[in-house]
file start35.cif (mmCIF, C-alpha atoms)
data_work
loop_
_atom_site.label_atom_id
_atom_site.label_comp_id
_atom_site.auth_asym_id
_atom_site.auth_seq_id
_atom_site.Cartn_x
_atom_site.Cartn_y
_atom_site.Cartn_z
CA MET P 1 -9.18 -35.28 -13.89
CA THR P 2 -6.04 -36.70 -12.32
CA ASP P 3 -4.20 -37.33 -15.56
CA ASN P 4 -2.22 -34.11 -14.98
CA CYS P 5 -0.39 -35.78 -12.09
CA GLU P 6 3.09 -35.15 -13.45
CA LEU P 7 2.24 -31.60 -14.37
CA GLU P 8 0.80 -31.02 -10.90
CA ASP P 9 4.05 -32.21 -9.32
CA GLU P 10 6.03 -29.94 -11.63
CA ILE P 11 3.87 -26.98 -10.68
CA LYS P 12 4.25 -27.75 -6.97
CA ARG P 13 8.03 -27.72 -7.40
CA LEU P 14 7.82 -24.51 -9.40
CA ILE P 15 5.75 -22.80 -6.71
CA VAL P 16 8.16 -23.75 -3.95
CA GLU P 17 11.14 -22.68 -6.07
CA VAL P 18 9.71 -19.42 -7.37
CA LEU P 19 8.41 -18.27 -4.00
CA ALA P 20 11.49 -19.56 -2.13
CA LEU P 21 9.23 -21.29 0.39
CA GLU P 22 11.81 -22.55 2.83
CA ASP P 23 9.59 -24.53 5.18
CA VAL P 24 7.43 -26.24 2.54
CA ARG P 25 8.37 -29.26 0.45
CA PRO P 26 6.60 -29.69 -2.91
CA GLU P 27 5.12 -33.05 -1.93
CA GLU P 28 3.50 -31.47 1.12
CA ILE P 29 1.24 -29.35 -1.08
CA ASP P 30 -2.15 -30.94 -1.64
CA ALA P 31 -3.17 -30.48 -5.27
CA GLU P 32 -6.72 -29.72 -4.21
CA ASP P 33 -5.84 -27.39 -1.35
CA GLN P 34 -6.81 -23.74 -1.68
CA LEU P 35 -3.59 -21.95 -2.60
CA PHE P 36 -4.52 -18.57 -1.21
CA ALA P 37 -6.91 -19.13 1.63
CA ASN P 38 -5.22 -22.05 3.35
CA SER P 39 -1.96 -23.11 4.93
CA LEU P 40 0.31 -21.71 2.22
CA GLY P 41 -1.29 -18.30 2.67
CA LEU P 42 -0.07 -16.90 -0.63
CA ASP P 43 -0.86 -13.31 -1.61
CA SER P 44 -1.65 -11.62 -4.90
CA ILE P 45 1.99 -10.83 -5.66
CA ASP P 46 2.83 -14.51 -5.12
CA ALA P 47 0.15 -15.26 -7.69
CA LEU P 48 1.76 -12.78 -10.07
CA GLU P 49 5.18 -14.42 -9.66
CA ILE P 50 3.74 -17.92 -10.13
CA SER P 51 1.90 -16.79 -13.25
CA MET P 52 5.06 -15.20 -14.71
CA ALA P 53 7.05 -18.38 -14.05
CA ILE P 54 4.33 -20.56 -15.59
CA GLU P 55 4.13 -18.31 -18.63
CA ALA P 56 7.88 -18.50 -19.09
CA ARG P 57 8.02 -22.27 -18.59
CA TYR P 58 4.98 -23.46 -20.53
CA GLY P 59 4.50 -20.69 -23.07
CA VAL P 60 0.94 -19.99 -21.99
CA THR P 61 -0.58 -16.60 -21.21
CA PHE P 62 -2.94 -15.53 -18.50
CA GLN P 63 -5.56 -13.05 -19.57
CA GLY P 64 -6.15 -9.94 -17.53
CA ASP P 65 -9.58 -11.04 -16.24
CA PRO P 66 -9.27 -11.18 -12.42
CA ASP P 67 -12.33 -13.41 -11.92
CA GLN P 68 -11.06 -15.98 -14.39
CA ASN P 69 -7.58 -15.90 -12.87
CA GLU P 70 -9.06 -16.41 -9.44
CA SER P 71 -10.62 -19.70 -10.50
CA ILE P 72 -7.45 -20.76 -12.33
CA PHE P 73 -5.36 -20.07 -9.23
CA ALA P 74 -7.74 -21.82 -6.84
CA SER P 75 -5.48 -24.87 -6.44
CA VAL P 76 -2.56 -26.69 -8.04
CA ARG P 77 -5.16 -28.92 -9.73
CA THR P 78 -7.00 -26.07 -11.43
CA LEU P 79 -3.69 -24.46 -12.38
CA ALA P 80 -2.46 -27.71 -13.95
CA ALA P 81 -5.75 -28.15 -15.78
CA PHE P 82 -5.42 -24.64 -17.22
CA VAL P 83 -1.81 -25.21 -18.33
CA ALA P 84 -2.63 -28.61 -19.87
CA GLU P 85 -5.50 -27.06 -21.79
CA ALA P 86 -3.72 -23.88 -22.83
CA ARG P 87 -0.54 -25.46 -24.11
CA GLN P 88 -2.40 -27.99 -26.30
CA PRO P 89 -1.94 -26.89 -29.89
CA VAL P 90 -5.35 -26.23 -31.34
CA ASP P 91 -5.99 -28.34 -34.46
CA MET Q 1 2.27 36.16 40.44
CA ALA Q 2 0.28 34.76 43.31
CA ALA Q 3 -2.76 34.28 41.12
CA SER Q 4 -0.80 32.49 38.44
CA SER Q 5 0.92 30.14 40.87
CA GLN Q 6 -2.49 29.35 42.33
CA ALA Q 7 -3.69 28.55 38.85
CA ASP Q 8 -0.67 26.31 38.36
CA ARG Q 9 -1.51 24.45 41.54
CA ALA Q 10 -5.09 24.10 40.42
CA LEU Q 11 -3.91 22.59 37.13
CA ASP Q 12 -1.55 20.26 38.95
CA ALA Q 13 -4.33 19.19 41.25
CA SER Q 14 -6.82 18.57 38.43
CA PRO Q 15 -7.24 14.85 38.00
CA THR Q 16 -5.47 13.52 34.94
CA TRP Q 17 -8.68 11.93 33.77
CA LEU Q 18 -10.03 15.41 33.14
CA ALA Q 19 -7.10 16.19 30.85
CA ARG Q 20 -7.59 12.79 29.22
CA ALA Q 21 -11.28 13.46 28.72
CA GLY Q 22 -10.40 16.80 27.11
CA LYS Q 23 -7.96 15.03 24.80
CA VAL Q 24 -10.53 12.42 23.84
CA ALA Q 25 -13.04 15.20 23.11
CA LEU Q 26 -10.50 16.90 20.82
CA LEU Q 27 -9.80 13.59 19.12
CA ALA Q 28 -13.50 12.95 18.64
CA ALA Q 29 -13.76 16.42 17.10
CA ALA Q 30 -10.86 15.59 14.79
CA TYR Q 31 -12.43 12.31 13.66
CA GLY Q 32 -15.74 14.12 13.26
CA ALA Q 33 -14.13 16.82 11.12
CA PHE Q 34 -12.63 14.11 8.93
CA GLY Q 35 -16.00 12.45 8.46
CA VAL Q 36 -17.70 15.75 7.65
CA GLY Q 37 -14.97 16.62 5.14
CA ALA Q 38 -15.17 13.20 3.48
CA ALA Q 39 -18.96 13.41 3.27
CA ALA Q 40 -18.79 16.94 1.79
CA ASN Q 41 -16.28 15.78 -0.83
CA ALA Q 42 -18.32 12.67 -1.64
CA ALA Q 43 -21.61 14.57 -1.88
CA LEU Q 44 -20.48 17.88 -3.43
CA GLY Q 45 -16.82 18.30 -4.30
CA VAL Q 46 -16.29 15.15 -6.33
CA PRO Q 47 -19.63 15.24 -8.21
CA ALA Q 48 -18.94 18.87 -9.16
CA ILE Q 49 -15.59 17.86 -10.64
CA LEU Q 50 -17.14 14.93 -12.50
CA ILE Q 51 -19.75 17.19 -14.07
CA PHE Q 52 -17.22 19.76 -15.27
CA SER Q 53 -14.36 17.52 -16.42
CA ARG Q 54 -14.28 16.31 -19.99
CA ASP Q 55 -11.88 13.40 -19.74
CA ALA Q 56 -11.04 10.85 -17.05
CA ASP Q 57 -7.40 11.87 -16.67
CA ARG Q 58 -8.32 15.48 -15.97
CA ALA Q 59 -11.14 14.51 -13.60
CA GLU Q 60 -8.87 12.17 -11.64
CA ARG Q 61 -6.17 14.83 -11.33
CA ARG Q 62 -8.74 17.36 -10.11
CA VAL Q 63 -10.17 14.94 -7.54
CA GLN Q 64 -6.64 14.20 -6.31
CA ARG Q 65 -5.94 17.92 -6.05
CA LEU Q 66 -9.19 18.36 -4.08
CA LEU Q 67 -8.08 15.63 -1.68
CA GLN Q 68 -4.66 17.26 -1.26
CA ARG Q 69 -6.30 20.58 -0.39
CA SER Q 70 -8.80 18.89 1.92
CA PHE Q 71 -6.06 17.09 3.83
CA SER Q 72 -4.03 20.30 3.98
CA ALA Q 73 -7.02 22.02 5.61
CA TYR Q 74 -7.53 18.99 7.85
CA PHE Q 75 -3.98 19.17 9.16
CA ARG Q 76 -4.40 22.88 9.85
CA ILE Q 77 -7.37 21.94 12.05
CA VAL Q 78 -5.67 19.14 14.00
CA GLU Q 79 -2.54 21.29 14.35
CA ALA Q 80 -4.65 24.14 15.73
CA LEU Q 81 -6.20 21.67 18.19
CA GLY Q 82 -2.66 20.83 19.32
CA LEU Q 83 -3.07 17.15 18.44
CA VAL Q 84 -0.49 16.79 15.69
CA ARG Q 85 2.45 18.66 14.20
CA LEU Q 86 3.22 17.66 10.58
CA ARG Q 87 6.50 18.38 8.79
CA CYS Q 88 7.96 17.23 5.48
CA GLU Q 89 11.68 17.42 4.68
CA GLY Q 90 12.30 17.62 0.92
CA ALA Q 91 8.64 18.16 0.01
CA ASP Q 92 9.64 19.86 -3.29
CA ARG Q 93 10.82 16.53 -4.64
CA LEU Q 94 7.32 15.06 -4.33
CA LEU Q 95 5.99 17.51 -6.91
CA GLU Q 96 7.69 15.98 -9.96
CA PRO Q 97 5.52 13.96 -12.34
CA GLY Q 98 5.86 10.22 -12.83
CA LEU Q 99 7.38 9.31 -9.46
CA LEU Q 100 7.10 5.91 -7.84
CA VAL Q 101 6.93 6.83 -4.16
CA VAL Q 102 7.22 4.23 -1.39
CA ALA Q 103 6.61 4.95 2.29
CA ASN Q 104 6.57 3.12 5.59
CA HIS Q 105 3.37 3.27 7.61
CA PRO Q 106 3.61 3.84 11.38
CA SER Q 107 0.31 5.63 11.94
CA ARG Q 108 -3.28 6.09 10.88
CA LEU Q 109 -2.41 9.58 9.57
CA ASP Q 110 0.35 8.61 7.13
CA ALA Q 111 -1.68 8.30 3.94
CA ILE Q 112 -3.37 11.67 4.34
CA ALA Q 113 -0.08 13.23 5.49
CA LEU Q 114 1.66 12.00 2.32
CA ILE Q 115 -1.20 13.11 0.08
CA ARG Q 116 -1.09 16.50 1.85
CA PHE Q 117 2.28 17.03 0.10
CA MET Q 118 1.33 15.39 -3.21
CA PRO Q 119 -1.11 17.33 -5.42
CA GLN Q 120 -1.15 14.34 -7.74
CA ALA Q 121 -0.79 10.78 -6.43
CA ASP Q 122 -2.40 7.57 -7.58
CA CYS Q 123 -2.79 5.58 -4.38
CA ILE Q 124 -3.24 1.87 -3.87
CA VAL Q 125 -6.12 1.23 -1.51
CA LYS Q 126 -7.86 -1.77 -0.03
CA ARG Q 127 -10.64 -3.22 -2.17
CA ALA Q 128 -13.04 -2.58 0.74
CA TYR Q 129 -12.86 1.20 0.09
CA PHE Q 130 -14.22 0.65 -3.41
CA ASP Q 131 -17.44 -0.70 -1.92
CA ASN Q 132 -17.63 1.60 1.13
CA PRO Q 133 -20.68 3.89 0.71
CA LEU Q 134 -18.77 7.00 1.84
CA PHE Q 135 -15.43 6.42 0.14
CA ARG Q 136 -16.42 4.60 -3.05
CA ILE Q 137 -17.14 7.72 -5.12
CA ILE Q 138 -13.93 9.36 -3.86
CA VAL Q 139 -11.50 6.48 -4.46
CA ARG Q 140 -13.09 5.58 -7.80
CA SER Q 141 -13.14 9.16 -9.10
CA ALA Q 142 -9.57 9.75 -7.94
CA GLY Q 143 -8.48 6.82 -10.12
CA TYR Q 144 -7.08 4.97 -7.12
CA ILE Q 145 -6.03 1.38 -7.69
CA PRO Q 146 -7.42 -1.61 -5.73
CA ASN Q 147 -4.86 -3.93 -4.15
CA ASP Q 148 -6.55 -7.32 -4.56
CA ASP Q 149 -5.17 -8.56 -7.88
CA GLY Q 150 -1.38 -8.53 -8.17
CA ARG Q 151 -1.17 -8.66 -11.94
CA ALA Q 152 -3.81 -5.99 -12.50
CA LEU Q 153 -2.20 -3.82 -9.82
CA VAL Q 154 1.28 -3.94 -11.37
CA ALA Q 155 -0.16 -3.34 -14.86
CA ALA Q 156 -2.28 -0.37 -13.74
CA CYS Q 157 0.53 1.30 -11.77
CA THR Q 158 2.98 0.82 -14.62
CA ARG Q 159 0.53 2.32 -17.11
CA GLN Q 160 0.00 5.35 -14.88
CA LEU Q 161 3.74 5.88 -14.31
CA LEU Q 162 4.51 5.70 -18.02
CA ARG Q 163 1.94 8.39 -18.78
CA GLY Q 164 3.53 10.68 -16.23
CA ARG Q 165 1.39 10.10 -13.16
CA THR Q 166 2.90 9.70 -9.71
CA VAL Q 167 2.07 6.49 -7.86
CA LEU Q 168 2.19 6.05 -4.07
CA VAL Q 169 2.76 2.57 -2.62
CA VAL Q 170 3.04 1.37 0.97
CA PRO Q 171 5.08 -1.84 0.60
CA GLU Q 172 4.19 -3.07 4.08
CA GLY Q 173 0.55 -3.10 2.99
CA THR Q 174 -0.51 -2.38 6.57
CA ARG Q 175 0.60 -0.24 9.48
CA SER Q 176 4.09 -0.86 10.91
CA PRO Q 177 4.68 -1.99 14.49
CA HIS Q 178 5.89 0.80 16.85
CA ARG Q 179 9.30 2.09 15.67
CA GLY Q 180 9.62 -0.97 13.41
CA LEU Q 181 8.59 -2.32 10.02
CA ALA Q 182 6.02 -4.91 9.00
CA PRO Q 183 7.14 -7.52 6.44
CA MET Q 184 7.45 -5.88 3.02
CA GLN Q 185 5.32 -7.14 0.17
CA ARG Q 186 6.88 -7.20 -3.26
CA GLY Q 187 4.33 -5.24 -5.30
CA ALA Q 188 6.28 -1.97 -5.26
CA ALA Q 189 9.40 -3.78 -6.53
CA HIS Q 190 7.44 -5.42 -9.35
CA ILE Q 191 6.00 -2.06 -10.36
CA ALA Q 192 9.50 -0.54 -10.39
CA LEU Q 193 10.92 -3.40 -12.48
CA GLU Q 194 8.01 -3.44 -14.91
CA SER Q 195 8.04 0.34 -15.42
CA GLY Q 196 11.82 0.79 -15.19
CA ARG Q 197 11.35 3.59 -12.66
CA ASP Q 198 13.52 4.07 -9.59
CA LEU Q 199 11.77 4.31 -6.24
CA LEU Q 200 11.57 7.49 -4.20
CA PRO Q 201 11.39 6.52 -0.52
CA VAL Q 202 9.65 8.68 2.06
CA THR Q 203 10.30 7.78 5.69
CA VAL Q 204 7.42 8.50 8.03
CA ARG Q 205 8.20 8.98 11.72
CA CYS Q 206 5.52 9.25 14.37
CA GLU Q 207 6.73 10.34 17.79
CA PRO Q 208 5.69 9.29 20.30
CA PRO Q 209 4.43 6.16 18.53
CA SER Q 210 0.64 6.48 18.33
CA LEU Q 211 -2.37 5.73 16.15
CA GLY Q 212 -0.61 2.52 15.15
CA LYS Q 213 -2.02 -0.82 14.13
CA ASN Q 214 -2.68 -2.05 17.65
CA ASP Q 215 -3.61 1.30 19.19
CA VAL Q 216 -7.25 2.04 19.87
CA TRP Q 217 -8.40 5.29 18.28
CA TRP Q 218 -8.95 7.26 21.50
CA LYS Q 219 -5.61 6.40 23.11
CA VAL Q 220 -3.13 9.08 22.15
CA PRO Q 221 -0.16 10.46 24.08
CA ASP Q 222 -0.57 13.63 26.18
CA ALA Q 223 2.12 15.29 24.09
CA THR Q 224 1.49 16.59 20.57
CA ILE Q 225 2.13 13.87 17.98
CA GLU Q 226 5.11 14.80 15.80
CA LEU Q 227 4.58 13.39 12.33
CA THR Q 228 7.68 13.86 10.18
CA LEU Q 229 8.06 12.85 6.54
CA THR Q 230 11.57 12.66 5.09
CA VAL Q 231 12.04 12.34 1.33
CA GLY Q 232 15.10 10.12 0.84
CA THR Q 233 17.55 9.41 -1.94
CA PRO Q 234 16.13 7.32 -4.81
CA ILE Q 235 16.56 3.54 -4.71
CA ARG Q 236 18.13 2.59 -8.05
CA ILE Q 237 16.49 -0.57 -9.33
CA GLU Q 238 19.27 -1.40 -11.78
CA LYS Q 239 21.81 -1.37 -8.99
CA SER Q 240 19.69 -3.29 -6.49
CA SER Q 241 18.50 -5.95 -8.94
CA SER Q 242 21.67 -6.55 -10.98
CA GLY Q 243 22.72 -10.17 -11.44
CA GLN Q 244 19.31 -11.59 -10.52
CA PRO Q 245 18.31 -14.39 -12.92
CA THR Q 246 14.54 -13.92 -12.85
CA ARG Q 247 12.03 -11.14 -12.35
CA GLY Q 248 10.90 -12.81 -9.14
CA ARG Q 249 14.45 -12.79 -7.70
CA ALA Q 250 14.98 -9.24 -8.87
CA ALA Q 251 11.78 -8.19 -7.10
CA ARG Q 252 13.04 -9.78 -3.88
CA ALA Q 253 16.37 -7.94 -4.21
CA VAL Q 254 14.64 -4.60 -4.83
CA THR Q 255 12.28 -5.27 -1.89
CA ASP Q 256 15.35 -5.92 0.29
CA ALA Q 257 16.82 -2.59 -0.85
CA ILE Q 258 13.59 -0.82 0.10
CA ARG Q 259 13.57 -2.47 3.52
CA ARG Q 260 17.24 -1.63 4.11
CA HIS Q 261 16.57 2.01 3.29
CA PHE Q 262 13.81 2.29 5.87
CA GLU Q 263 15.80 0.28 8.43
CA GLN Q 264 18.71 2.66 8.08
CA GLU Q 265 16.48 5.71 8.24
CA LEU Q 266 14.72 4.41 11.32
CA ALA Q 267 18.06 3.16 12.71
CA LEU Q 268 16.75 -0.35 13.24
CA ASP Q 269 19.03 -3.32 13.76
CA GLY Q 270 19.15 -6.11 11.20
#

call {"tool": "encode", "arguments": {"input": "start35.cif", "output": "structure tokens"}}
result
Amino acid sequence: MTDNCELEDEIKRLIVEVLALEDVRPEEIDAEDQLFANSLGLDSIDALEISMAIEARYGVTFQGDPDQNESIFASVRTLAAFVAEARQPVD
Amino acid sequence: MAASSQADRALDASPTWLARAGKVALLAAAYGAFGVGAAANAALGVPAILIFSRDADRAERRVQRLLQRSFSAYFRIVEALGLVRLRCEGADRLLEPGLLVVANHPSRLDAIALIRFMPQADCIVKRAYFDNPLFRIIVRSAGYIPNDDGRALVAACTRQLLRGRTVLVVPEGTRSPHRGLAPMQRGAAHIALESGRDLLPVTVRCEPPSLGKNDVWWKVPDATIELTLTVGTPIRIEKSSSGQPTRGRAARAVTDAIRRHFEQELALDG
């Protein structure tokens, strides 16, 4: 589960950069922390901006299903797992 | 003359709590009238439209028109009760199709005041209304858009704008503090950038400040509440977002432009 460590760090940096979070450093974000309920307190437009940045950077696409996106955006860990899975070329 | 000056003295002498109690009674009547109207629309008006409308677009437009007429009647009632006086400067410009309208939100009455002047408006409403037993049939049949999923929200609003429907957004997402502004969320800017539509700002003023976020429902000023809507000059997204490297930055720049517009209109500092 933790083999996405590098990717998780990248995504933490991307979140801080995209959302211009001035008082948060990437390493302060816990990969398992709830992104939207907890300390970061992100909203649905933050999620939109993160998803656009991730799509642009990793060439993946998020489907329109809100329930599915909610579980993908639960934490940095679930987000990294989704990206790792989605950008794997299917053989 | 003598009789009338006696009456004046009697009024002066009447304890203010009596006047307050009268005001609270009027307010209770106003809230009651709103509830009765909403129930009548939910039970009769909206179902009648749904039965007689062939396609969703037409049904939604008719429900929105019904709401506009209902709120128009509602304001005639509260104006007759002397509670509120509603005005709109530039109301004609709200009648065009395909507008992206943004408004600030000082009072509880703003949404219905705006809709009063907009025969067709797709509104963004809290998800809770979609599950509320009274409002669910109304907001669903009107084609209103829930605010809980950013991506779905921007996609839905953009789709509606591009097919010529007018969309109403409150960027603060909640009521403003007295004579101020709450922090702006960036959804309206994203909708503008995605659809390529400029924003039409409507400034809402509520004087004296009342029915705000932290005001309890029965506390209103003794004076009639003056609710004034002012349709402003469009906020050009190309101008406000030029030179921004990403959509996210552009949305922040457009959001800043929206905030500056309302700050200037409300003559706020900084």

call {"tool": "resolve_selection", "arguments": {"input": "start35.cif", "expression": "the PyMOL selection byres ((chain Q) within 8 of (chain P))", "output": "list in words"}}
result
Asp148, Asp149, Gly150, Arg151, Ala152, Gln185, Arg186, Gly187 and Gly248 of chain Q

call {"tool": "write_last_selection", "arguments": {"input": "start35.cif", "atoms": "C-alpha atoms", "output": "PDB file, in the frame of the given file"}}
result
ATOM      1  CA  ASP Q 148      -6.550  -7.320  -4.560  1.00  0.00           C
ATOM      2  CA  ASP Q 149      -5.170  -8.560  -7.880  1.00  0.00           C
ATOM      3  CA  GLY Q 150      -1.380  -8.530  -8.170  1.00  0.00           C
ATOM      4  CA  ARG Q 151      -1.170  -8.660 -11.940  1.00  0.00           C
ATOM      5  CA  ALA Q 152      -3.810  -5.990 -12.500  1.00  0.00           C
ATOM      6  CA  GLN Q 185       5.320  -7.140   0.170  1.00  0.00           C
ATOM      7  CA  ARG Q 186       6.880  -7.200  -3.260  1.00  0.00           C
ATOM      8  CA  GLY Q 187       4.330  -5.240  -5.300  1.00  0.00           C
ATOM      9  CA  GLY Q 248      10.900 -12.810  -9.140  1.00  0.00           C
TER      10      GLY Q 248
END

call {"tool": "resolve_selection", "arguments": {"input": "start35.cif", "expression": "the PyMOL selection byres ((chain Q and resi 155-161) around 9)", "output": "ChimeraX atom specification"}}
result
/Q:97-100,122,124,145,150-154,162-167,191-192,194-197

call {"tool": "residues_around", "arguments": {"input": "start35.cif", "residues": "Trp218 in chain Q", "least_positions_apart": "5", "cutoff": "12 Å", "atoms": "all atoms listed in the file", "output": "NGL selection string"}}
result
:Q and (20-31 or 83 or 210-212)

call {"tool": "residues_around", "arguments": {"input": "start35.cif", "residues": "Ala250 in chain Q", "least_positions_apart": "4", "cutoff": "9 Å", "atoms": "all atoms listed in the file", "output": "list in words"}}
result
Ala189, His190, Leu193, Ile237, Ser240, Ser241, Ser242, Gly243, Gln244, Pro245, Thr246, Val254 and Thr255 of chain Q

call {"tool": "write_last_selection", "arguments": {"input": "start35.cif", "atoms": "C-alpha atoms", "output": "PDB file, in the frame of the given file"}}
result
ATOM      1  CA  ALA Q 189       9.400  -3.780  -6.530  1.00  0.00           C
ATOM      2  CA  HIS Q 190       7.440  -5.420  -9.350  1.00  0.00           C
ATOM      3  CA  LEU Q 193      10.920  -3.400 -12.480  1.00  0.00           C
ATOM      4  CA  ILE Q 237      16.490  -0.570  -9.330  1.00  0.00           C
ATOM      5  CA  SER Q 240      19.690  -3.290  -6.490  1.00  0.00           C
ATOM      6  CA  SER Q 241      18.500  -5.950  -8.940  1.00  0.00           C
ATOM      7  CA  SER Q 242      21.670  -6.550 -10.980  1.00  0.00           C
ATOM      8  CA  GLY Q 243      22.720 -10.170 -11.440  1.00  0.00           C
ATOM      9  CA  GLN Q 244      19.310 -11.590 -10.520  1.00  0.00           C
ATOM     10  CA  PRO Q 245      18.310 -14.390 -12.920  1.00  0.00           C
ATOM     11  CA  THR Q 246      14.540 -13.920 -12.850  1.00  0.00           C
ATOM     12  CA  VAL Q 254      14.640  -4.600  -4.830  1.00  0.00           C
ATOM     13  CA  THR Q 255      12.280  -5.270  -1.890  1.00  0.00           C
TER      14      THR Q 255
END

call {"tool": "resolve_selection", "arguments": {"input": "start35.cif", "expression": "the PyMOL selection byres ((chain P and resi 1-15) around 12)", "output": "VMD selection string"}}
result
(chain P and resid 16 to 22 24 to 33 35 40 42 46 to 58 73 75 to 85 87) or (chain Q and resid 248)

call {"tool": "write_last_selection", "arguments": {"input": "start35.cif", "atoms": "C-alpha atoms", "output": "compact mmCIF listing (two decimals), in the coordinates of the input"}}
result
# COMPACT_ATOMS: atom_id res chain seq x y z
CA VAL P 16 8.16 -23.75 -3.95
CA GLU P 17 11.14 -22.68 -6.07
CA VAL P 18 9.71 -19.42 -7.37
CA LEU P 19 8.41 -18.27 -4.00
CA ALA P 20 11.49 -19.56 -2.13
CA LEU P 21 9.23 -21.29 0.39
CA GLU P 22 11.81 -22.55 2.83
CA VAL P 24 7.43 -26.24 2.54
CA ARG P 25 8.37 -29.26 0.45
CA PRO P 26 6.60 -29.69 -2.91
CA GLU P 27 5.12 -33.05 -1.93
CA GLU P 28 3.50 -31.47 1.12
CA ILE P 29 1.24 -29.35 -1.08
CA ASP P 30 -2.15 -30.94 -1.64
CA ALA P 31 -3.17 -30.48 -5.27
CA GLU P 32 -6.72 -29.72 -4.21
CA ASP P 33 -5.84 -27.39 -1.35
CA LEU P 35 -3.59 -21.95 -2.60
CA LEU P 40 0.31 -21.71 2.22
CA LEU P 42 -0.07 -16.90 -0.63
CA ASP P 46 2.83 -14.51 -5.12
CA ALA P 47 0.15 -15.26 -7.69
CA LEU P 48 1.76 -12.78 -10.07
CA GLU P 49 5.18 -14.42 -9.66
CA ILE P 50 3.74 -17.92 -10.13
CA SER P 51 1.90 -16.79 -13.25
CA MET P 52 5.06 -15.20 -14.71
CA ALA P 53 7.05 -18.38 -14.05
CA ILE P 54 4.33 -20.56 -15.59
CA GLU P 55 4.13 -18.31 -18.63
CA ALA P 56 7.88 -18.50 -19.09
CA ARG P 57 8.02 -22.27 -18.59
CA TYR P 58 4.98 -23.46 -20.53
CA PHE P 73 -5.36 -20.07 -9.23
CA SER P 75 -5.48 -24.87 -6.44
CA VAL P 76 -2.56 -26.69 -8.04
CA ARG P 77 -5.16 -28.92 -9.73
CA THR P 78 -7.00 -26.07 -11.43
CA LEU P 79 -3.69 -24.46 -12.38
CA ALA P 80 -2.46 -27.71 -13.95
CA ALA P 81 -5.75 -28.15 -15.78
CA PHE P 82 -5.42 -24.64 -17.22
CA VAL P 83 -1.81 -25.21 -18.33
CA ALA P 84 -2.63 -28.61 -19.87
CA GLU P 85 -5.50 -27.06 -21.79
CA ARG P 87 -0.54 -25.46 -24.11
CA GLY Q 248 10.90 -12.81 -9.14

call {"tool": "atom_distance", "arguments": {"input": "start35.cif", "atom1": "CA of Pro171 in chain Q", "atom2": "CA of Leu199 in chain Q"}}
result
11.4 Å

call {"tool": "axis_aligned_box", "arguments": {"input": "start35.cif", "around": "range 66-74 of chain Q", "padding_each_side": "3 Å", "output": "AutoDock Vina command-line options"}}
result
--center_x -6.6 --center_y 18.8 --center_z 1.9 --size_x 11.2 --size_y 12.4 --size_z 17.9
